[in-house]
>>> print(open('coords.cif').read())   # mmCIF, C-alpha atoms
data_structure
#
loop_
_atom_site.label_atom_id
_atom_site.label_comp_id
_atom_site.auth_asym_id
_atom_site.auth_seq_id
_atom_site.Cartn_x
_atom_site.Cartn_y
_atom_site.Cartn_z
CA MET O 456 -8.11 -174.04 -1.58
CA VAL O 457 -4.82 -174.13 0.32
CA LEU O 458 -6.29 -172.24 3.29
CA CYS O 459 -9.13 -174.72 3.79
CA THR O 460 -6.79 -177.68 4.03
CA PHE O 461 -4.65 -175.82 6.58
CA MET O 462 -7.55 -174.93 8.88
CA LYS O 463 -9.75 -177.14 11.05
CA ARG O 464 -13.29 -176.32 12.12
CA ASN O 465 -13.88 -174.58 15.46
CA LYS O 466 -10.63 -172.65 15.21
CA LYS O 467 -10.81 -168.91 15.86
CA ILE O 468 -9.23 -166.90 13.07
CA GLY O 469 -7.85 -163.39 13.31
CA LEU O 470 -7.67 -161.43 10.07
CA ILE O 471 -4.99 -158.74 10.19
CA CYS O 472 -4.50 -156.00 7.61
CA SER O 473 -3.97 -152.32 7.06
CA HIS O 474 -6.45 -150.28 5.07
CA GLY O 475 -6.46 -149.87 1.28
CA GLY O 476 -5.36 -152.74 -0.94
CA HIS O 477 -4.48 -155.04 1.96
CA PHE O 478 -8.02 -154.61 3.30
CA THR O 479 -9.47 -155.26 -0.17
CA GLU O 480 -7.53 -158.52 -0.36
CA ILE O 481 -8.78 -159.63 3.08
CA LEU O 482 -12.33 -158.97 1.88
CA GLN O 483 -11.63 -161.25 -1.10
CA LEU O 484 -10.68 -164.01 1.35
CA LEU O 485 -13.74 -163.76 3.62
CA GLU O 486 -15.64 -166.52 1.81
CA ALA O 487 -12.88 -168.99 2.71
CA PHE O 488 -13.57 -168.36 6.40
CA GLU O 489 -17.35 -168.88 6.40
CA GLY O 490 -18.33 -171.12 9.29
CA TYR O 491 -15.29 -170.14 11.37
CA PRO O 492 -15.36 -167.65 14.23
CA THR O 493 -13.37 -164.67 12.97
CA PHE O 494 -12.40 -161.17 13.95
CA LEU O 495 -10.67 -158.40 12.03
CA LEU O 496 -7.85 -156.20 13.32
CA THR O 497 -7.23 -153.17 11.14
CA TYR O 498 -6.81 -149.40 11.06
CA LYS O 499 -9.73 -147.09 11.73
CA GLU O 500 -10.44 -145.60 8.29
CA LYS O 501 -13.60 -144.75 6.39
CA ALA O 502 -13.37 -147.88 4.19
CA THR O 503 -12.92 -150.25 7.15
CA SER O 504 -15.53 -148.79 9.51
CA ALA O 505 -18.55 -150.90 8.47
CA GLN O 506 -17.14 -154.31 9.37
CA LYS O 507 -18.51 -156.63 12.06
CA ASN O 508 -16.32 -158.19 14.76
CA THR O 509 -13.60 -155.62 14.17
CA TYR O 510 -10.93 -154.10 16.39
CA TYR O 511 -9.49 -150.78 15.28
CA ILE O 512 -6.15 -149.23 16.07
CA SER O 513 -4.47 -146.06 14.90
CA ASN O 514 -1.99 -146.43 12.07
CA ILE O 515 1.23 -147.60 13.77
CA GLY O 516 3.32 -146.11 10.97
CA ARG O 517 2.42 -142.55 11.96
CA GLY O 518 5.02 -142.09 14.68
CA PRO O 519 6.46 -143.48 17.90
CA ILE O 520 3.43 -142.79 20.10
CA ALA O 521 1.05 -144.37 17.59
CA LEU O 522 3.42 -147.35 17.38
CA ILE O 523 3.53 -147.88 21.15
CA VAL O 524 -0.22 -147.43 21.64
CA GLY O 525 -0.93 -149.66 18.62
CA ILE O 526 1.33 -152.45 19.83
CA ILE O 527 -0.39 -152.40 23.22
CA LYS O 528 -3.82 -152.57 21.55
CA ILE O 529 -2.68 -155.43 19.31
CA PHE O 530 -1.44 -157.36 22.35
CA LEU O 531 -4.68 -156.73 24.28
CA THR O 532 -6.79 -157.78 21.29
CA LEU O 533 -4.89 -161.04 20.88
CA LEU O 534 -5.05 -161.64 24.63
CA LYS O 535 -8.83 -161.18 24.58
CA GLU O 536 -9.54 -163.16 21.39
CA ARG O 537 -6.93 -165.94 21.72
CA PRO O 538 -7.00 -166.85 18.01
CA ASN O 539 -5.76 -170.22 16.83
CA ILE O 540 -4.80 -168.82 13.43
CA LEU O 541 -3.79 -165.37 12.21
CA VAL O 542 -4.10 -164.52 8.53
CA SER O 543 -2.66 -161.36 7.02
CA THR O 544 -2.25 -159.69 3.66
CA GLY O 545 -0.02 -156.99 5.21
CA SER O 546 1.16 -154.32 5.89
CA GLU O 547 3.09 -153.24 9.01
CA ILE O 548 0.20 -154.10 11.36
CA ALA O 549 0.97 -157.78 10.64
CA ILE O 550 4.49 -157.64 12.08
CA PRO O 551 3.74 -157.17 15.81
CA SER O 552 0.52 -159.19 15.47
CA PHE O 553 2.38 -162.18 14.06
CA TYR O 554 5.26 -162.02 16.53
CA PHE O 555 2.89 -161.73 19.52
CA GLY O 556 0.70 -164.49 18.10
CA LYS O 557 3.56 -166.88 17.47
CA PHE O 558 5.69 -166.40 20.56
CA LEU O 559 3.14 -165.49 23.24
CA PHE O 560 0.07 -167.45 22.15
CA GLY O 561 1.36 -170.27 19.93
CA THR O 562 -0.84 -169.11 17.05
CA LYS O 563 -0.49 -170.60 13.56
CA LEU O 564 0.38 -167.92 11.01
CA ILE O 565 -0.71 -167.58 7.37
CA TYR O 566 0.64 -164.72 5.32
CA LEU O 567 -0.53 -163.87 1.81
CA GLU O 568 1.95 -161.60 0.05
CA CYS O 569 0.29 -158.56 -1.47
CA SER O 570 -0.70 -158.83 -5.13
CA ALA O 571 1.34 -155.72 -5.89
CA GLN O 572 4.50 -157.70 -5.12
CA VAL O 573 5.33 -159.40 -8.42
CA TYR O 574 9.14 -159.58 -8.38
CA GLN O 575 10.25 -158.08 -5.05
CA PRO O 576 9.20 -159.18 -1.56
CA SER O 577 7.48 -156.62 0.65
CA MET O 578 9.23 -155.48 3.81
CA THR O 579 6.42 -157.03 5.86
CA GLY O 580 6.72 -160.30 3.95
CA LYS O 581 10.46 -160.45 4.60
CA LEU O 582 9.98 -159.76 8.32
CA VAL O 583 7.23 -162.33 8.95
CA TYR O 584 8.45 -165.02 6.53
CA PRO O 585 10.74 -166.76 9.05
CA ILE O 586 7.92 -167.36 11.55
CA THR O 587 4.97 -168.17 9.26
CA ASP O 588 3.45 -171.62 9.07
CA LEU O 589 2.05 -171.00 5.59
CA PHE O 590 3.44 -168.31 3.29
CA LEU O 591 1.58 -167.68 0.03
CA VAL O 592 2.47 -165.57 -2.99
CA GLN O 593 0.15 -164.40 -5.77
CA TRP O 594 2.77 -164.22 -8.52
CA GLU O 595 4.96 -167.12 -9.61
CA PRO O 596 8.09 -164.96 -10.20
CA LEU O 597 8.07 -164.07 -6.51
CA LEU O 598 8.83 -167.68 -5.58
CA LYS O 599 12.42 -167.05 -6.69
CA ARG O 600 12.80 -164.43 -3.95
CA TYR O 601 11.58 -166.69 -1.16
CA SER O 602 12.93 -170.10 -0.25
CA PRO O 603 10.94 -173.30 -0.80
CA LYS O 604 8.55 -172.54 2.09
CA ALA O 605 6.54 -170.12 -0.08
CA LYS O 606 3.68 -171.46 -2.17
CA TYR O 607 2.21 -169.96 -5.32
CA VAL O 608 -1.60 -169.87 -5.25
CA GLY O 609 -2.47 -167.45 -8.04
CA GLY O 610 -4.10 -164.06 -7.64
CA LEU O 611 -7.11 -163.06 -5.58
CA ILE O 612 -8.34 -160.22 -7.73
#
>>> encode(input="coords.cif", output="structure tokens")
Amino acid sequence: MVLCTFMKRNKKIGLICSHGGHFTEILQLLEAFEGYPTFLLTYKEKATSAQKNTYYISNIGRGPIALIVGIIKIFLTLLKERPNILVSTGSEIAIPSFYFGKFLFGTKLIYLECSAQVYQPSMTGKLVYPITDLFLVQWEPLLKRYSPKAKYVGGLI
């Protein structure tokens, strides 16, 4: 798998995603991270509440106060965990996480574009694309919308 060749043992991996389909896709990836120290950063929702090694924030898309508080919690989580690699399937929670990771902590970034994006890039994908170290898409037609840096890996589900 592309992820396994990118990662080296003993690297701490942060998994970043919002709830819903993005969370479902992260769950599909968990097997690839067996044997690595990992943590999850996501929104506090019913579906996400039973996960181990998880940090929860309020949905940053719910207004300016939630955004400010969420960004602070994201920064503090990354400061505490010091991941070597961040992996995300989206959505908006990935944007500040990736920018903090890249520019404040030198973290390697892997983004997997959501499986719902067949022909059009997501807003999150467009915003994190320039800083990612590995950018993956699940549909071949989407390669036309991203420059040669994107790689097609097939679908997760």
>>> resolve_selection(input="coords.cif", expression="the PyMOL selection byres ((chain O and resi 470) around 6)", output="list in words")
Gly469, Ile471, Leu495, Leu541, Val542 and Ser543 of chain O
>>> resolve_selection(input="coords.cif", expression="the PyMOL selection byres ((chain O and resi 480-485) around 9)", output="ChimeraX atom specification")
/O:470-472,475-479,486-489,542-544,569-570,611-612
>>> resolve_selection(input="coords.cif", expression="the PyMOL selection byres ((chain O and resi 567) around 6)", output="PDB file with C-alpha atoms, in the frame of the given file")
ATOM      1  CA  THR O 544      -2.250-159.690   3.660  1.00  0.00           C
ATOM      2  CA  TYR O 566       0.640-164.720   5.320  1.00  0.00           C
ATOM      3  CA  GLU O 568       1.950-161.600   0.050  1.00  0.00           C
ATOM      4  CA  LEU O 591       1.580-167.680   0.030  1.00  0.00           C
ATOM      5  CA  VAL O 592       2.470-165.570  -2.990  1.00  0.00           C
TER       6      VAL O 592
END
>>> closest_residue(input="coords.cif", among="O:Thr509, O:Asn465, O:Ser546, O:Thr562", to="O:Leu534", atoms="all atoms listed in the file")
O:Thr562
>>> residues_around(input="coords.cif", residues="O:Phe555", least_positions_apart="4", cutoff="9 Å", atoms="all atoms listed in the file", output="ChimeraX atom specification")
/O:529-530,533,550-551,559-562
>>> closest_residue(input="coords.cif", among="O:Lys557, O:Arg600, O:Lys606, O:Lys467", to="O:Tyr491", atoms="all atoms listed in the file")
O:Lys467
>>> atom_distance(input="coords.cif", atom1="atom CA of O:Pro492", atom2="atom CA of O:Ala505")
18.0 Å
>>> closest_residue(input="coords.cif", among="O:Tyr601, O:Leu582, O:Phe494, O:Ile548", to="O:Ile512", atoms="all atoms listed in the file")
O:Ile548
>>> atom_distance(input="coords.cif", atom1="atom CA of O:Leu589", atom2="atom CA of O:Ile527")
25.7 Å
>>> residues_around(input="coords.cif", residues="O:Glu547", least_positions_apart="2", cutoff="9 Å", atoms="only C-alpha atoms", output="PyMOL selection string")
chain O and resi 472-473+515-516+545+549-551+578-579
>>> closest_residue(input="coords.cif", among="O:Gly609, O:Pro538, O:Pro519, O:Gly525", to="O:Thr493", atoms="only C-alpha atoms")
O:Pro538
>>> closest_residue(input="coords.cif", among="O:Gln593, O:Ile523, O:Gly518, O:Asn508", to="O:Ile468", atoms="only C-alpha atoms")
O:Asn508
>>> atom_distance(input="coords.cif", atom1="atom CA of O:Ala605", atom2="atom CA of O:Ser552")
19.9 Å
>>> closest_residue(input="coords.cif", among="O:Ser602, O:Arg537, O:Thr532, O:Gly556", to="O:Lys581", atoms="all atoms listed in the file")
O:Ser602
